[in-house]
file entry.txt (compact mmCIF, C-alpha atoms)
# COMPACT_ATOMS: atom_id res chain seq x y z
CA MET I 1 20.38 -8.97 3.65
CA LYS I 2 20.54 -8.74 -0.13
CA VAL I 3 18.51 -6.01 -1.83
CA LEU I 4 17.59 -5.48 -5.47
CA HIS I 5 16.48 -1.99 -6.48
CA LEU I 6 14.60 -2.16 -9.78
CA VAL I 7 14.71 1.28 -11.41
CA ARG I 8 12.50 2.41 -14.26
CA HIS I 9 14.46 4.53 -16.75
CA GLY I 10 14.22 8.32 -16.86
CA GLN I 11 11.79 10.08 -19.17
CA ALA I 12 12.35 9.05 -22.77
CA SER I 13 11.67 11.20 -25.85
CA PHE I 14 7.99 10.50 -26.49
CA GLY I 15 6.90 11.70 -29.91
CA LYS I 16 10.49 12.21 -31.14
CA ARG I 17 12.12 10.21 -33.91
CA ASP I 18 14.46 8.53 -31.40
CA TYR I 19 12.19 7.62 -28.50
CA ASP I 20 14.98 5.64 -26.86
CA ALA I 21 17.07 8.71 -26.01
CA LEU I 22 16.41 10.30 -22.62
CA SER I 23 14.93 13.77 -22.66
CA ASP I 24 16.78 16.53 -20.84
CA LEU I 25 14.38 15.96 -17.96
CA GLY I 26 15.12 12.23 -18.04
CA HIS I 27 18.83 12.94 -17.59
CA GLU I 28 18.02 15.23 -14.68
CA GLN I 29 15.76 12.61 -13.04
CA SER I 30 18.48 9.97 -13.31
CA ARG I 31 21.18 12.10 -11.74
CA LEU I 32 18.79 13.15 -8.99
CA LEU I 33 18.09 9.50 -8.16
CA GLY I 34 21.82 8.84 -7.85
CA ARG I 35 22.12 11.68 -5.36
CA ALA I 36 19.09 10.38 -3.44
CA PHE I 37 20.66 6.92 -3.27
CA ALA I 38 23.88 8.42 -1.87
CA VAL I 39 22.03 10.45 0.78
CA ARG I 40 20.25 7.25 1.90
CA GLU I 41 23.60 5.38 1.83
CA VAL I 42 22.35 3.07 -0.90
CA VAL I 43 25.59 2.35 -2.75
CA PRO I 44 25.25 -0.53 -5.19
CA ASP I 45 27.82 -3.29 -5.36
CA VAL I 46 26.75 -3.77 -8.96
CA VAL I 47 24.57 -2.02 -11.52
CA ILE I 48 22.72 -4.24 -13.98
CA ARG I 49 21.00 -2.68 -16.97
CA GLY I 50 19.20 -3.55 -20.16
CA GLU I 51 20.93 -2.76 -23.42
CA LEU I 52 18.54 -0.04 -24.59
CA ARG I 53 19.89 3.51 -24.86
CA ARG I 54 17.48 4.81 -22.21
CA HIS I 55 18.74 2.15 -19.80
CA ARG I 56 22.37 3.04 -20.44
CA GLU I 57 21.80 6.77 -20.08
CA THR I 58 19.79 6.30 -16.88
CA ALA I 59 22.51 4.11 -15.36
CA GLU I 60 25.13 6.70 -16.31
CA GLY I 61 23.05 9.42 -14.66
CA ILE I 62 22.66 7.42 -11.46
CA LEU I 63 26.40 6.82 -11.26
CA ALA I 64 27.08 10.52 -11.91
CA GLY I 65 24.63 11.45 -9.15
CA LEU I 66 26.36 9.11 -6.72
CA ALA I 67 29.68 10.74 -7.59
CA ASP I 68 28.17 14.20 -7.07
CA VAL I 69 27.63 13.34 -3.40
CA GLY I 70 31.13 11.93 -2.95
CA VAL I 71 30.70 8.19 -3.56
CA GLN I 72 34.15 6.96 -4.50
CA GLY I 73 35.29 3.91 -6.42
CA GLU I 74 34.22 2.23 -9.62
CA ILE I 75 30.92 0.37 -9.54
CA PRO I 76 30.78 -2.50 -12.03
CA VAL I 77 28.05 -2.35 -14.68
CA ILE I 78 26.63 -5.53 -16.23
CA VAL I 79 24.55 -5.40 -19.41
CA ASP I 80 21.74 -7.96 -19.55
CA PRO I 81 19.44 -7.61 -22.59
CA GLY I 82 16.94 -9.78 -20.74
CA TRP I 83 15.90 -6.59 -18.92
CA ASP I 84 14.93 -4.83 -22.15
CA GLU I 85 11.36 -3.62 -22.56
CA PHE I 86 9.07 -5.59 -24.85
CA ASP I 87 8.78 -4.17 -28.36
CA PHE I 88 5.73 -2.02 -27.68
CA GLN I 89 5.91 -0.40 -31.10
CA HIS I 90 5.56 -3.81 -32.76
CA VAL I 91 2.73 -4.75 -30.37
CA VAL I 92 0.88 -1.52 -31.23
CA GLU I 93 1.46 -1.96 -34.97
CA VAL I 94 0.05 -5.50 -34.92
CA HIS I 95 -3.09 -4.07 -33.31
CA LYS I 96 -3.22 -0.94 -35.48
CA PRO I 97 -1.37 -1.48 -38.80
CA LEU I 98 -1.83 2.19 -39.75
CA TYR I 99 0.82 3.02 -37.15
CA ARG I 100 3.52 1.21 -39.13
CA SER I 101 3.94 4.61 -40.75
CA ARG I 102 5.20 7.12 -38.20
CA THR I 103 3.76 9.94 -40.32
CA MET I 104 0.32 8.34 -40.29
CA MET I 105 0.54 7.68 -36.56
CA VAL I 106 1.47 11.29 -35.76
CA ALA I 107 -1.32 12.58 -38.00
CA ASP I 108 -3.87 10.25 -36.44
CA LEU I 109 -2.90 11.19 -32.89
CA ALA I 110 -2.87 14.89 -33.79
CA ARG I 111 -6.57 14.67 -34.60
CA SER I 112 -7.19 14.00 -30.91
CA ARG I 113 -7.31 16.84 -28.40
CA ALA I 114 -5.11 14.76 -26.11
CA PRO I 115 -2.59 12.82 -28.26
CA LYS I 116 -0.75 11.24 -25.32
CA GLN I 117 -3.97 10.05 -23.74
CA LYS I 118 -5.16 8.71 -27.10
CA PHE I 119 -1.91 6.79 -27.57
CA GLN I 120 -2.24 5.36 -24.05
CA GLU I 121 -5.72 4.06 -24.89
CA ILE I 122 -4.45 2.41 -28.06
CA PHE I 123 -1.44 1.04 -26.18
CA GLU I 124 -3.66 -0.60 -23.57
CA GLU I 125 -5.87 -2.13 -26.26
CA ALA I 126 -2.80 -3.46 -28.06
CA THR I 127 -1.22 -4.95 -24.95
CA ALA I 128 -4.54 -6.56 -23.96
CA ARG I 129 -4.49 -8.38 -27.30
CA TRP I 130 -0.82 -9.33 -26.82
CA THR I 131 -1.39 -10.73 -23.34
CA GLY I 132 -4.68 -12.44 -24.23
CA GLY I 133 -3.02 -15.67 -25.36
CA THR I 134 -5.11 -16.12 -28.51
CA ALA I 135 -2.68 -14.63 -31.05
CA ASP I 136 0.82 -15.47 -29.80
CA GLY I 137 1.98 -16.34 -33.31
CA ASP I 138 1.40 -12.75 -34.50
CA TYR I 139 4.29 -11.37 -32.47
CA HIS I 140 8.07 -11.44 -32.63
CA GLU I 141 8.03 -12.15 -28.88
CA SER I 142 4.89 -13.60 -27.33
CA PHE I 143 3.79 -12.57 -23.86
CA PRO I 144 4.73 -15.99 -22.39
CA ALA I 145 8.21 -15.61 -23.92
CA PHE I 146 8.53 -12.11 -22.45
CA THR I 147 7.46 -13.47 -19.06
CA ALA I 148 10.07 -16.24 -19.17
CA ARG I 149 12.77 -13.74 -20.17
CA ILE I 150 12.06 -11.40 -17.26
CA GLN I 151 11.86 -14.21 -14.72
CA ALA I 152 15.21 -15.54 -15.93
CA SER I 153 16.86 -12.12 -15.68
CA LEU I 154 15.45 -11.52 -12.20
CA THR I 155 16.85 -14.87 -11.05
CA ALA I 156 20.19 -14.09 -12.66
CA ALA I 157 20.36 -10.64 -11.02
CA ALA I 158 19.71 -12.18 -7.61
CA GLY I 159 22.49 -14.70 -8.24
CA ARG I 160 25.02 -11.99 -9.16
CA MET I 161 24.80 -10.27 -5.77
CA PRO I 162 27.46 -10.68 -3.09
CA ALA I 163 26.46 -11.65 0.44
CA ARG I 164 24.59 -8.75 2.07
CA GLY I 165 24.96 -6.93 -1.22
CA THR I 166 22.95 -4.30 -3.04
CA ALA I 167 22.19 -4.30 -6.76
CA VAL I 168 20.56 -1.58 -8.85
CA VAL I 169 18.79 -2.90 -11.94
CA VAL I 170 17.96 -0.27 -14.58
CA THR I 171 15.15 -1.41 -16.82
CA SER I 172 11.66 -0.37 -17.98
CA GLY I 173 8.12 -0.29 -16.62
CA GLY I 174 7.03 -3.49 -18.38
CA PRO I 175 9.69 -5.78 -16.88
CA ILE I 176 9.29 -4.24 -13.42
CA GLY I 177 5.51 -4.55 -13.47
CA LEU I 178 5.73 -8.16 -14.60
CA ALA I 179 8.28 -9.06 -11.93
CA VAL I 180 6.15 -7.41 -9.23
CA SER I 181 2.95 -9.09 -10.43
CA HIS I 182 4.59 -12.49 -10.15
CA LEU I 183 6.03 -11.70 -6.72
CA LEU I 184 2.63 -10.60 -5.43
CA ALA I 185 0.16 -12.82 -7.28
CA GLY I 186 2.25 -15.61 -8.75
CA ASP I 187 1.15 -14.65 -12.28
CA ALA I 188 0.79 -11.66 -14.63
CA SER I 189 -2.72 -10.68 -13.53
CA LEU I 190 -1.61 -7.36 -11.99
CA TRP I 191 0.70 -6.36 -14.80
CA SER I 192 -1.47 -3.90 -16.73
CA ARG I 193 -2.62 -2.08 -13.59
CA LEU I 194 0.92 -1.75 -12.30
CA ASN I 195 2.09 -0.37 -15.65
CA ARG I 196 -0.39 2.50 -15.53
CA VAL I 197 1.18 4.08 -12.46
CA ALA I 198 4.90 3.48 -13.13
CA VAL I 199 6.86 6.71 -12.62
CA ASN I 200 10.11 7.53 -14.42
CA THR I 201 13.13 6.63 -12.22
CA ALA I 202 10.82 5.14 -9.58
CA VAL I 203 12.45 2.44 -7.44
CA THR I 204 10.99 -0.97 -6.62
CA LYS I 205 12.71 -2.75 -3.74
CA VAL I 206 13.03 -6.53 -3.70
CA ILE I 207 14.54 -8.47 -0.79
CA ASN I 208 16.63 -11.50 -1.69
CA GLY I 209 16.35 -13.60 1.44
CA SER I 210 16.77 -17.22 2.48
CA SER I 211 13.22 -18.02 1.38
CA GLY I 212 13.62 -16.38 -2.03
CA LEU I 213 12.59 -13.01 -3.46
CA SER I 214 10.02 -10.83 -1.68
CA LEU I 215 8.61 -7.43 -2.62
CA ALA I 216 9.34 -4.70 -0.06
CA SER I 217 8.02 -1.65 -1.96
CA TYR I 218 6.84 -0.69 -5.42
CA ASN I 219 7.26 2.50 -7.48
CA ASP I 220 8.88 4.68 -4.80
CA HIS I 221 9.36 8.10 -6.38
CA SER I 222 9.88 10.26 -3.31
CA HIS I 223 13.05 11.74 -4.87
CA VAL I 224 10.94 13.55 -7.53
CA GLU I 225 7.85 14.45 -5.50
CA HIS I 226 9.21 17.86 -4.50
CA ASP I 227 8.83 19.17 -8.08
CA ARG I 228 5.80 18.41 -10.26
CA ARG I 229 7.93 19.01 -13.34
CA MET I 230 10.04 16.00 -12.36
CA LEU I 231 7.09 13.64 -11.90
CA THR I 232 6.54 11.92 -15.26
CA TYR I 233 5.10 8.63 -16.43
CA ARG I 234 6.25 8.37 -20.06
call {"tool": "encode", "arguments": {"input": "entry.txt", "output": "structure tokens"}}
result
Amino acid sequence: MKVLHLVRHGQASFGKRDYDALSDLGHEQSRLLGRAFAVREVVPDVVIRGELRRHRETAEGILAGLADVGVQGEIPVIVDPGWDEFDFQHVVEVHKPLYRSRTMMVADLARSRAPKQKFQEIFEEATARWTGGTADGDYHESFPAFTARIQASLTAAAGRMPARGTAVVVTSGGPIGLAVSHLLAGDASLWSRLNRVAVNTAVTKVINGSSGLSLASYNDHSHVEHDRRMLTYR
């Protein structure tokens, strides 16, 4: 049996100038997942990751965690930019041009008692516009183009696996949610709901069998449930 483990990156640096860098907690989450994989004897034949910094640092943490528990040997790492997250900053700015200025965005969010919740509301409004299909020309990458990119990378990842092999794919919540929505519903109708509950370093398991790809589990985050500090969504 071939198995793909789709991993959402560790906690990024929300609100910092370089969002793409993992926070200290994100590094800890990533290494913990590697140890959890080793304990469960999940040793990847290959690691595939997007090219974003948070993908690279998460993959490095997973490999370090595997080594912590005694996994020997070099595991090849393949970089596939097709697994990159959509440009959510651009999508938000198209919806709310004020946010093209980081200073203005921070000031606007600061006026709310719950800045993270406020940003999430704006994010969901912006992505609803992006996925609505009536303004595709406003975006650098339309939602249909994003969908085609993720489907192509999922197919490519499945094709890179050896017989009875295991692959770990390090990516973001958007690509994982889209892949799962298509596996379950055949379209993107579940995407926004799946995105809301995606946990940092959660694992989605996909079986690559004779009849194609099938979802086995979504958003497994049992490796961080023991500590509420470790359970993050952004």
call {"tool": "residues_around", "arguments": {"input": "entry.txt", "residues": "region 2-8 of chain I", "least_positions_apart": "3", "cutoff": "8 Å", "atoms": "only C-alpha atoms", "output": "short mmCIF file (atom, residue, chain, number, x, y, z; two decimals) with C-alpha atoms, keeping the file's coordinate frame"}}
result
data_model
loop_
_atom_site.label_atom_id
_atom_site.label_comp_id
_atom_site.auth_asym_id
_atom_site.auth_seq_id
_atom_site.Cartn_x
_atom_site.Cartn_y
_atom_site.Cartn_z
CA ALA I 158 19.71 -12.18 -7.61
CA MET I 161 24.80 -10.27 -5.77
CA PRO I 162 27.46 -10.68 -3.09
CA ALA I 163 26.46 -11.65 0.44
CA ARG I 164 24.59 -8.75 2.07
CA GLY I 165 24.96 -6.93 -1.22
CA THR I 166 22.95 -4.30 -3.04
CA ALA I 167 22.19 -4.30 -6.76
CA VAL I 168 20.56 -1.58 -8.85
CA VAL I 169 18.79 -2.90 -11.94
CA VAL I 170 17.96 -0.27 -14.58
CA THR I 171 15.15 -1.41 -16.82
CA SER I 172 11.66 -0.37 -17.98
CA GLY I 173 8.12 -0.29 -16.62
CA ILE I 176 9.29 -4.24 -13.42
CA ALA I 198 4.90 3.48 -13.13
CA VAL I 199 6.86 6.71 -12.62
CA ASN I 200 10.11 7.53 -14.42
CA THR I 201 13.13 6.63 -12.22
CA ALA I 202 10.82 5.14 -9.58
CA VAL I 203 12.45 2.44 -7.44
CA THR I 204 10.99 -0.97 -6.62
CA LYS I 205 12.71 -2.75 -3.74
CA VAL I 206 13.03 -6.53 -3.70
CA ILE I 207 14.54 -8.47 -0.79
CA ASN I 208 16.63 -11.50 -1.69
CA GLY I 209 16.35 -13.60 1.44
#
call {"tool": "residues_around", "arguments": {"input": "entry.txt", "residues": "region 180-197 of chain I", "least_positions_apart": "4", "cutoff": "10 Å", "atoms": "all atoms listed in the file", "output": "list in words"}}
result
Leu6, Gln120, Glu124, Thr127, Ala128, Thr131, Phe143, Pro144, Thr147, Gln151, Ser172, Gly173, Gly174, Pro175, Ile176, Thr204, Lys205, Val206, Leu213, Ser214, Leu215, Ser217, Tyr218, Asn219, Thr232, Tyr233 and Arg234 of chain I
call {"tool": "closest_residue", "arguments": {"input": "entry.txt", "among": "I:Asp45, I:Ile150, I:Phe123, I:Arg102", "to": "Gly73 (chain I)", "atoms": "all atoms listed in the file"}}
result
I:Asp45
call {"tool": "axis_aligned_box", "arguments": {"input": "entry.txt", "around": "region 83-97 of chain I", "padding_each_side": "4 Å", "output": "AutoDock Vina command-line options"}}
result
--center_x 6.3 --center_y -3.5 --center_z -28.9 --size_x 27.1 --size_y 14.2 --size_z 27.9
call {"tool": "closest_residue", "arguments": {"input": "entry.txt", "among": "I:Glu93, I:Pro115, I:Met230, I:Phe86", "to": "Leu178 (chain I)", "atoms": "only C-alpha atoms"}}
result
I:Phe86
call {"tool": "closest_residue", "arguments": {"input": "entry.txt", "among": "I:Pro97, I:Gly61, I:Gly34, I:Gly50", "to": "Ser153 (chain I)", "atoms": "all atoms listed in the file"}}
result
I:Gly50
call {"tool": "closest_residue", "arguments": {"input": "entry.txt", "among": "I:Thr103, I:Ser30, I:Ser142, I:Ser210", "to": "Leu66 (chain I)", "atoms": "all atoms listed in the file"}}
result
I:Ser30
call {"tool": "closest_residue", "arguments": {"input": "entry.txt", "among": "I:Ala152, I:Val71, I:Leu63, I:Leu231", "to": "Trp83 (chain I)", "atoms": "only C-alpha atoms"}}
result
I:Ala152
call {"tool": "atom_distance", "arguments": {"input": "entry.txt", "atom1": "CA of Gly82 (chain I)", "atom2": "CA of Arg49 (chain I)"}}
result
9.0 Å
call {"tool": "atom_distance", "arguments": {"input": "entry.txt", "atom1": "CA of Gln29 (chain I)", "atom2": "CA of Glu121 (chain I)"}}
result
26.0 Å
call {"tool": "atom_distance", "arguments": {"input": "entry.txt", "atom1": "CA of Gly159 (chain I)", "atom2": "CA of Ala179 (chain I)"}}
result
15.7 Å
call {"tool": "residues_around", "arguments": {"input": "entry.txt", "residues": "Glu125 (chain I)", "least_positions_apart": "5", "cutoff": "10 Å", "atoms": "all atoms listed in the file", "output": "list in words"}}
result
Val91, Val92, His95, Lys96, Phe119, Gln120 and Trp130 of chain I
call {"tool": "residues_around", "arguments": {"input": "entry.txt", "residues": "Asp20 (chain I)", "least_positions_apart": "6", "cutoff": "6 Å", "atoms": "only C-alpha atoms", "output": "list in words"}}
result
Ala12, Arg53 and Arg54 of chain I
call {"tool": "closest_residue", "arguments": {"input": "entry.txt", "among": "I:Met105, I:Ala36, I:Arg228, I:Gly212", "to": "Met1 (chain I)", "atoms": "all atoms listed in the file"}}
result
I:Gly212
call {"tool": "residues_near_point", "arguments": {"input": "entry.txt", "point": "(5.8, -10.0, -40.6)", "cutoff": "12 Å", "atoms": "all atoms listed in the file", "output": "ChimeraX atom specification"}}
result
/I:90-91,93-94,97,100,137-140
